[in-house]
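Below is one structure, written out as structure tokens; comments come after it.
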Amino acid sequence: NYIFEIELNYQNKIYKFRGFLDTGNELYEPVSGLPVIIVEKRCIPGVFYHEKYFYKIPYKVITGDTSYFEGIKIKNVYFKNNNRDFYADVILCTTNTLLDSNKRFEAILSRCII
């Protein structure tokens, strides 16, 4: 099962959504080494980026195109599926793109999370 229930606490507010563990995705923040989660922006309203918490994460896609995500560090994010549950520190990035048209998940997880 590659779908995880995810719960995070940001500024004393709890956000819950589902994430897909993409085994071909190795996205991590290069300085801290933390794995990156890409979440649909609509799932985490109220999470704002402040410059002191801001990270730029470069990435390259299979076509060779490069760009970067902007993200913030979130500590003790809870992950759970049928096989396991654990906590991890992550870099949280957002997208305006709908990640799954069948609405099975709202986030993409790097395999570095495991």
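Scheme for the structure tokens: letters A, B, ... for chains in order shown; per-chain residue numbers from 1; ligand numbers from 1 in order shown.
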Practice problem: Identify, on the basis of only C-alpha atoms, every residue whose closest approach to Asn76 (chain A) does not exceed 10 Å; exclude the query and any residue fewer than 6 positions from it along the same chain; express the result as a list in words. | Solution: Glu7, Leu8, Asn9, Phe86, Tyr87, Ala88, Asp89 and Val90 of chain A
Quiz item: DSSP says strand (DSSP E or B) for which residues of chain A? Put them as a VMD selection string?
Solution: chain A and resid 3 to 10 13 to 22 28 35 to 40 54 to 60 66 to 80 85 to 95 107 to 110
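For the set A:Ile38, A:Tyr10, A:Tyr2, A:Thr97, the residue with the smallest atom-to-atom gap to Thr23 (chain A) is A:Tyr2, counting only C-alpha atoms.
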Self-check item: Pick from A:Ile113, A:Lys16, A:Asp100, A:Thr95, whichever lies nearest to Gly71 (chain A) using only C-alpha atoms
Solution: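 Comparing A:Ile113, A:Lys16, A:Asp100, A:Thr95 against Gly71 (chain A), the winner is A:Thr95.
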Self-check item: Two-atom distance - CA of Ile108 (chain A), CA of Val31 (chain A) (Å)
Solution: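 Answer for the CA of Ile108 (chain A) to CA of Val31 (chain A) separation: 20.7 Å.
The space separating CA of Leu98 (chain A) from CA of Val61 (chain A) comes to 18.0 Å.
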Quiz item: Which neighbours of Asn96 (chain A) fall inside 12 Å, counting only C-alpha atoms, when residues of the same chain fewer than 6 positions from it are skipped, and could you give them as a list in words?
Solution: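 Final neighbour list, sorted by chain and number: Ile38, Val39, Glu40, Lys41, Arg42, Cys43, Ile44, Pro45, Glu106 and Ala107 of chain A.
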